[in-house]
Amino acid sequence: MIIRPFILIVLASSLSYCASEPVQVNYYLLAGNAPQGFSIQASNTLPSLVIDTVEVADYLQQSGIVLQTADTQIQISKRHLWAETLDSALPKLLFKELQKQSNEFNFYLKYSDFVPRSDYRLLVHIDSLQATDRGEVICSGRYQLVSEADREQVITVDFKFNRDLTADGYDHAIEQLRLLVSDIAQNVVASAETLVTK
């Protein structure tokens with residue numbers, strides 16, 4: 001009988017010790033040093049493409065980095081967090097990647113740039129953007145390109161990209177997620193070039 005209270009005291013003190021240990025929290029930037037949307041040396045002769053909206057699925061609209069553990073199950077980290085929300089970081093990174101992919105357009109980021117004119121609007125919805133316990137990162141969603149001159153000229157594309165994780169850790173996963181955004185940009189440029197030639 002005397003042993004039970006002793007065990008309870010030891011358990012309580014060990015729990016309070018664990019609770020008092022500082023928890024290390026790591027913050028990550030998806031966009032890195034992506035510019036805030038300034039288009040340098042824009043040419044008046046090139047068509048303009050404005051990133052109008054980039055929306056993310058509800059479960060991605062929080063600070064914890066997501067790991068998918070099954071087709072219908074995710075874990076949201078409380079120790080590995082985004083330094084800025086994905087709906088803020090993704091448009092900046094997409095803008096940067098579009099500029100790297102093509103010099104055939106003047107790219108602008110709505111609400112960050114002064115947009116002199118808009119020839120094409122880009123609307124993006126991200127359904128998934130996360131690592132999985134199968135050793136890969138995935139990104140899926142859809143985008144729509146709309147011609148301002150002729151609103152009936154619309155291209156809508158569903159996409160799903162994935163890349164293998166070749167190293168452990170969140171840093172590597174974030175690098176691979178950035179490459180998925182580059183894949184989206186490459187796809188958008190190909191669609192925009194198709195729209196221009198119509």
# chains A, B, ... in the order shown; residues from 1 in each chain; ligands from 1
>>> select_by_dssp(residues="segment 155-188 of chain A", states="alpha helix (DSSP H)", output="list in words")
Tyr170, Asp171, His172, Ala173, Ile174, Glu175, Gln176, Leu177, Arg178, Leu179, Leu180, Val181, Ser182, Asp183, Ile184, Ala185, Gln186, Asn187 and Val188 of chain A
>>> write_last_selection(atoms="N, CA and C atoms", output="PDB file, in the first residue's frame")
ATOM      1  N   TYR A 170      13.015  17.452 -42.681  1.00  0.00           N
ATOM      2  CA  TYR A 170      12.082  18.442 -43.218  1.00  0.00           C
ATOM      3  C   TYR A 170      12.744  19.351 -44.242  1.00  0.00           C
ATOM      4  N   ASP A 171      14.033  19.667 -44.062  1.00  0.00           N
ATOM      5  CA  ASP A 171      14.706  20.558 -45.018  1.00  0.00           C
ATOM      6  C   ASP A 171      14.645  19.985 -46.432  1.00  0.00           C
ATOM      7  N   HIS A 172      14.923  18.699 -46.548  1.00  0.00           N
ATOM      8  CA  HIS A 172      14.891  18.062 -47.870  1.00  0.00           C
ATOM      9  C   HIS A 172      13.463  18.035 -48.425  1.00  0.00           C
ATOM     10  N   ALA A 173      12.492  17.743 -47.562  1.00  0.00           N
ATOM     11  CA  ALA A 173      11.095  17.715 -48.008  1.00  0.00           C
ATOM     12  C   ALA A 173      10.661  19.074 -48.536  1.00  0.00           C
ATOM     13  N   ILE A 174      11.085  20.153 -47.859  1.00  0.00           N
ATOM     14  CA  ILE A 174      10.721  21.514 -48.306  1.00  0.00           C
ATOM     15  C   ILE A 174      11.348  21.796 -49.668  1.00  0.00           C
ATOM     16  N   GLU A 175      12.610  21.388 -49.858  1.00  0.00           N
ATOM     17  CA  GLU A 175      13.262  21.582 -51.162  1.00  0.00           C
ATOM     18  C   GLU A 175      12.485  20.872 -52.265  1.00  0.00           C
ATOM     19  N   GLN A 176      12.013  19.666 -51.986  1.00  0.00           N
ATOM     20  CA  GLN A 176      11.256  18.916 -52.982  1.00  0.00           C
ATOM     21  C   GLN A 176       9.891  19.551 -53.241  1.00  0.00           C
ATOM     22  N   LEU A 177       9.264  20.103 -52.209  1.00  0.00           N
ATOM     23  CA  LEU A 177       7.993  20.808 -52.401  1.00  0.00           C
ATOM     24  C   LEU A 177       8.182  22.021 -53.304  1.00  0.00           C
ATOM     25  N   ARG A 178       9.300  22.706 -53.159  1.00  0.00           N
ATOM     26  CA  ARG A 178       9.591  23.850 -54.040  1.00  0.00           C
ATOM     27  C   ARG A 178       9.681  23.398 -55.496  1.00  0.00           C
ATOM     28  N   LEU A 179      10.287  22.226 -55.705  1.00  0.00           N
ATOM     29  CA  LEU A 179      10.404  21.712 -57.070  1.00  0.00           C
ATOM     30  C   LEU A 179       9.041  21.368 -57.656  1.00  0.00           C
ATOM     31  N   LEU A 180       8.102  20.961 -56.806  1.00  0.00           N
ATOM     32  CA  LEU A 180       6.745  20.704 -57.295  1.00  0.00           C
ATOM     33  C   LEU A 180       6.092  21.993 -57.786  1.00  0.00           C
ATOM     34  N   VAL A 181       6.352  23.099 -57.095  1.00  0.00           N
ATOM     35  CA  VAL A 181       5.818  24.392 -57.545  1.00  0.00           C
ATOM     36  C   VAL A 181       6.459  24.770 -58.881  1.00  0.00           C
ATOM     37  N   SER A 182       7.725  24.428 -59.048  1.00  0.00           N
ATOM     38  CA  SER A 182       8.387  24.648 -60.340  1.00  0.00           C
ATOM     39  C   SER A 182       7.720  23.827 -61.440  1.00  0.00           C
ATOM     40  N   ASP A 183       7.290  22.599 -61.103  1.00  0.00           N
ATOM     41  CA  ASP A 183       6.568  21.765 -62.078  1.00  0.00           C
ATOM     42  C   ASP A 183       5.251  22.420 -62.493  1.00  0.00           C
ATOM     43  N   ILE A 184       4.561  23.017 -61.514  1.00  0.00           N
ATOM     44  CA  ILE A 184       3.311  23.723 -61.830  1.00  0.00           C
ATOM     45  C   ILE A 184       3.604  24.882 -62.784  1.00  0.00           C
ATOM     46  N   ALA A 185       4.644  25.655 -62.476  1.00  0.00           N
ATOM     47  CA  ALA A 185       4.991  26.812 -63.304  1.00  0.00           C
ATOM     48  C   ALA A 185       5.301  26.394 -64.736  1.00  0.00           C
ATOM     49  N   GLN A 186       6.039  25.313 -64.890  1.00  0.00           N
ATOM     50  CA  GLN A 186       6.371  24.818 -66.229  1.00  0.00           C
ATOM     51  C   GLN A 186       5.109  24.451 -67.000  1.00  0.00           C
ATOM     52  N   ASN A 187       4.185  23.831 -66.312  1.00  0.00           N
ATOM     53  CA  ASN A 187       2.921  23.446 -66.925  1.00  0.00           C
ATOM     54  C   ASN A 187       2.099  24.670 -67.318  1.00  0.00           C
ATOM     55  N   VAL A 188       2.077  25.671 -66.443  1.00  0.00           N
ATOM     56  CA  VAL A 188       1.334  26.910 -66.714  1.00  0.00           C
ATOM     57  C   VAL A 188       1.898  27.615 -67.937  1.00  0.00           C
TER      58      VAL A 188
END
>>> residues_around(residues="segment 49-61 of chain A", least_positions_apart="4", cutoff="9 Å", atoms="only C-alpha atoms", output="VMD selection string")
chain A and resid 65 to 66 85 to 88 90 to 91 94 to 95 105 to 111 115 117 to 130 141 143 145 192
>>> closest_residue(among="A:Leu46, A:Leu195, A:Val23, A:Leu81", to="Gln153 of chain A", atoms="only C-alpha atoms")
A:Leu195
>>> select_by_dssp(residues="segment 5-197 of chain A", states="strand (DSSP E or B)", output="ChimeraX atom specification")
/A:26-28,48-56,64-70,73-82,106-109,120-132,136-147,154-164
>>> write_last_selection(atoms="C-alpha atoms", output="mmCIF file, in the first residue's frame")
data_model
loop_
_atom_site.group_PDB
_atom_site.id
_atom_site.type_symbol
_atom_site.label_atom_id
_atom_site.label_comp_id
_atom_site.auth_asym_id
_atom_site.auth_seq_id
_atom_site.Cartn_x
_atom_site.Cartn_y
_atom_site.Cartn_z
ATOM 1 C CA ASN A 26 11.470 24.830 -36.243
ATOM 2 C CA TYR A 27 10.125 27.270 -38.834
ATOM 3 C CA TYR A 28 10.431 26.845 -42.598
ATOM 4 C CA SER A 48 1.135 40.064 -69.439
ATOM 5 C CA LEU A 49 0.105 37.202 -67.202
ATOM 6 C CA VAL A 50 -1.243 38.078 -63.759
ATOM 7 C CA ILE A 51 -1.341 35.579 -60.914
ATOM 8 C CA ASP A 52 -4.840 36.451 -59.749
ATOM 9 C CA THR A 53 -5.540 33.930 -56.979
ATOM 10 C CA VAL A 54 -3.773 30.984 -55.377
ATOM 11 C CA GLU A 55 -6.046 29.133 -52.969
ATOM 12 C CA VAL A 56 -5.138 26.154 -50.805
ATOM 13 C CA GLY A 64 1.871 22.969 -39.069
ATOM 14 C CA ILE A 65 3.619 21.085 -41.868
ATOM 15 C CA VAL A 66 1.491 18.189 -43.077
ATOM 16 C CA LEU A 67 2.548 14.554 -43.416
ATOM 17 C CA GLN A 68 0.144 12.189 -45.158
ATOM 18 C CA THR A 69 0.174 8.782 -43.445
ATOM 19 C CA ALA A 70 -2.624 7.076 -45.397
ATOM 20 C CA GLN A 73 -5.165 10.334 -42.863
ATOM 21 C CA ILE A 74 -2.737 13.170 -42.182
ATOM 22 C CA GLN A 75 -0.583 14.317 -39.291
ATOM 23 C CA ILE A 76 0.023 17.997 -38.663
ATOM 24 C CA SER A 77 3.299 18.772 -36.931
ATOM 25 C CA LYS A 78 3.312 21.015 -33.873
ATOM 26 C CA ARG A 79 7.103 21.357 -33.895
ATOM 27 C CA HIS A 80 7.776 21.901 -37.610
ATOM 28 C CA LEU A 81 5.869 24.957 -38.790
ATOM 29 C CA TRP A 82 5.591 27.227 -41.802
ATOM 30 C CA ASN A 106 5.501 39.858 -68.257
ATOM 31 C CA PHE A 107 4.468 38.150 -65.021
ATOM 32 C CA TYR A 108 2.711 40.051 -62.260
ATOM 33 C CA LEU A 109 1.477 39.168 -58.823
ATOM 34 C CA TYR A 120 -4.135 36.666 -69.111
ATOM 35 C CA ARG A 121 -5.246 35.811 -65.594
ATOM 36 C CA LEU A 122 -4.089 32.746 -63.672
ATOM 37 C CA LEU A 123 -6.240 31.178 -60.959
ATOM 38 C CA VAL A 124 -4.817 28.251 -58.969
ATOM 39 C CA HIS A 125 -6.321 25.907 -56.392
ATOM 40 C CA ILE A 126 -4.040 23.539 -54.458
ATOM 41 C CA ASP A 127 -5.734 20.398 -53.119
ATOM 42 C CA SER A 128 -2.615 18.770 -51.673
ATOM 43 C CA LEU A 129 0.957 19.861 -50.970
ATOM 44 C CA GLN A 130 2.714 17.563 -48.520
ATOM 45 C CA ALA A 131 5.156 14.752 -47.871
ATOM 46 C CA THR A 132 3.895 11.217 -47.436
ATOM 47 C CA GLU A 136 7.590 11.185 -51.625
ATOM 48 C CA VAL A 137 6.128 14.668 -51.827
ATOM 49 C CA ILE A 138 2.904 15.267 -53.710
ATOM 50 C CA CYS A 139 1.066 18.247 -55.106
ATOM 51 C CA SER A 140 -2.308 18.205 -56.804
ATOM 52 C CA GLY A 141 -4.917 20.727 -57.798
ATOM 53 C CA ARG A 142 -6.020 22.663 -60.832
ATOM 54 C CA TYR A 143 -5.414 25.965 -62.531
ATOM 55 C CA GLN A 144 -7.278 28.101 -65.003
ATOM 56 C CA LEU A 145 -5.883 30.553 -67.524
ATOM 57 C CA VAL A 146 -8.326 33.167 -68.791
ATOM 58 C CA SER A 147 -7.812 35.507 -71.736
ATOM 59 C CA VAL A 154 -10.079 29.518 -71.106
ATOM 60 C CA ILE A 155 -7.724 26.670 -70.358
ATOM 61 C CA THR A 156 -8.443 24.556 -67.272
ATOM 62 C CA VAL A 157 -5.875 21.963 -66.209
ATOM 63 C CA ASP A 158 -5.978 19.371 -63.421
ATOM 64 C CA PHE A 159 -2.489 18.474 -62.242
ATOM 65 C CA LYS A 160 -0.823 15.971 -59.960
ATOM 66 C CA PHE A 161 2.928 15.962 -59.448
ATOM 67 C CA ASN A 162 5.112 13.919 -57.161
ATOM 68 C CA ARG A 163 8.821 13.604 -56.409
ATOM 69 C CA ASP A 164 10.741 11.031 -54.421
#
>>> atom_distance(atom1="atom CA of Ala89 of chain A", atom2="atom CA of Gly32 of chain A")
8.7 Å
>>> atom_distance(atom1="atom CA of Gln99 of chain A", atom2="atom CA of Ser191 of chain A")
14.9 Å
>>> decode(residues="segment 85-123 of chain A", atoms="N, CA and C atoms", output="tab-separated table (two decimals), in the first residue's frame")
chain	number	residue	atom	x	y	z
A	85	THR	N	2.10	31.55	-43.97
A	85	THR	CA	1.06	30.63	-44.43
A	85	THR	C	1.27	30.29	-45.90
A	86	LEU	N	0.81	29.11	-46.28
A	86	LEU	CA	0.97	28.68	-47.67
A	86	LEU	C	0.23	29.56	-48.65
A	87	ASP	N	-0.94	30.09	-48.25
A	87	ASP	CA	-1.67	30.96	-49.18
A	87	ASP	C	-0.96	32.29	-49.39
A	88	SER	N	0.01	32.60	-48.53
A	88	SER	CA	0.85	33.78	-48.73
A	88	SER	C	2.14	33.43	-49.47
A	89	ALA	N	2.73	32.28	-49.12
A	89	ALA	CA	4.02	31.89	-49.70
A	89	ALA	C	3.91	31.37	-51.13
A	90	LEU	N	2.86	30.60	-51.41
A	90	LEU	CA	2.74	29.98	-52.73
A	90	LEU	C	2.68	30.96	-53.89
A	91	PRO	N	1.91	32.05	-53.80
A	91	PRO	CA	1.90	32.99	-54.94
A	91	PRO	C	3.28	33.58	-55.21
A	92	LYS	N	4.05	33.89	-54.15
A	92	LYS	CA	5.39	34.45	-54.34
A	92	LYS	C	6.33	33.45	-54.99
A	93	LEU	N	6.26	32.20	-54.54
A	93	LEU	CA	7.13	31.18	-55.13
A	93	LEU	C	6.72	30.88	-56.57
A	94	LEU	N	5.43	30.82	-56.83
A	94	LEU	CA	4.96	30.56	-58.18
A	94	LEU	C	5.39	31.69	-59.12
A	95	PHE	N	5.30	32.91	-58.66
A	95	PHE	CA	5.74	34.07	-59.44
A	95	PHE	C	7.22	33.93	-59.81
A	96	LYS	N	8.03	33.60	-58.82
A	96	LYS	CA	9.47	33.43	-59.04
A	96	LYS	C	9.74	32.32	-60.06
A	97	GLU	N	9.03	31.20	-59.92
A	97	GLU	CA	9.25	30.07	-60.82
A	97	GLU	C	8.76	30.36	-62.24
A	98	LEU	N	7.68	31.10	-62.37
A	98	LEU	CA	7.21	31.48	-63.71
A	98	LEU	C	8.24	32.35	-64.41
A	99	GLN	N	8.83	33.28	-63.67
A	99	GLN	CA	9.86	34.14	-64.27
A	99	GLN	C	11.07	33.33	-64.72
A	100	LYS	N	11.41	32.29	-63.97
A	100	LYS	CA	12.53	31.43	-64.36
A	100	LYS	C	12.21	30.58	-65.58
A	101	GLN	N	10.94	30.21	-65.74
A	101	GLN	CA	10.54	29.29	-66.80
A	101	GLN	C	10.41	29.97	-68.16
A	102	SER	N	10.07	31.26	-68.17
A	102	SER	CA	9.78	31.89	-69.47
A	102	SER	C	10.10	33.37	-69.47
A	103	ASN	N	10.61	33.83	-70.59
A	103	ASN	CA	10.79	35.28	-70.80
A	103	ASN	C	9.90	35.77	-71.94
A	104	GLU	N	8.83	34.99	-72.20
A	104	GLU	CA	7.88	35.34	-73.25
A	104	GLU	C	6.67	36.11	-72.71
A	105	PHE	N	6.63	36.33	-71.39
A	105	PHE	CA	5.52	37.03	-70.76
A	105	PHE	C	6.07	38.01	-69.72
A	106	ASN	N	5.29	39.04	-69.45
A	106	ASN	CA	5.50	39.86	-68.26
A	106	ASN	C	4.61	39.26	-67.17
A	107	PHE	N	5.23	38.76	-66.11
A	107	PHE	CA	4.47	38.15	-65.02
A	107	PHE	C	4.25	39.17	-63.91
A	108	TYR	N	3.05	39.15	-63.36
A	108	TYR	CA	2.71	40.05	-62.26
A	108	TYR	C	1.99	39.27	-61.17
A	109	LEU	N	2.14	39.76	-59.98
A	109	LEU	CA	1.48	39.17	-58.82
A	109	LEU	C	0.46	40.17	-58.30
A	110	LYS	N	-0.81	39.81	-58.42
A	110	LYS	CA	-1.88	40.72	-58.01
A	110	LYS	C	-1.69	41.15	-56.56
A	111	TYR	N	-1.95	42.38	-56.26
A	111	TYR	CA	-1.84	43.02	-54.95
A	111	TYR	C	-0.40	43.27	-54.52
A	112	SER	N	0.59	42.79	-55.30
A	112	SER	CA	1.98	43.10	-54.98
A	112	SER	C	2.62	43.97	-56.05
A	113	ASP	N	2.10	43.89	-57.26
A	113	ASP	CA	2.64	44.65	-58.38
A	113	ASP	C	1.66	45.73	-58.82
A	114	PHE	N	2.22	46.76	-59.44
A	114	PHE	CA	1.39	47.67	-60.24
A	114	PHE	C	1.23	46.99	-61.59
A	115	VAL	N	0.01	46.66	-61.95
A	115	VAL	CA	-0.24	45.93	-63.19
A	115	VAL	C	-0.75	46.91	-64.24
A	116	PRO	N	0.07	47.24	-65.24
A	116	PRO	CA	-0.36	48.22	-66.25
A	116	PRO	C	-1.51	47.69	-67.11
A	117	ARG	N	-1.48	46.40	-67.42
A	117	ARG	CA	-2.56	45.77	-68.17
A	117	ARG	C	-2.51	44.27	-67.90
A	118	SER	N	-3.61	43.64	-68.16
A	118	SER	CA	-3.68	42.20	-67.92
A	118	SER	C	-4.19	41.51	-69.18
A	119	ASP	N	-3.33	40.71	-69.82
A	119	ASP	CA	-3.75	39.95	-70.99
A	119	ASP	C	-4.32	38.59	-70.60
A	120	TYR	N	-3.70	37.98	-69.57
A	120	TYR	CA	-4.13	36.67	-69.11
A	120	TYR	C	-4.14	36.64	-67.59
A	121	ARG	N	-5.14	35.97	-67.05
A	121	ARG	CA	-5.25	35.81	-65.59
A	121	ARG	C	-5.05	34.35	-65.24
A	122	LEU	N	-4.33	34.10	-64.15
A	122	LEU	CA	-4.09	32.75	-63.67
A	122	LEU	C	-4.76	32.56	-62.31
A	123	LEU	N	-5.59	31.53	-62.21
A	123	LEU	CA	-6.24	31.18	-60.96
A	123	LEU	C	-5.82	29.75	-60.61
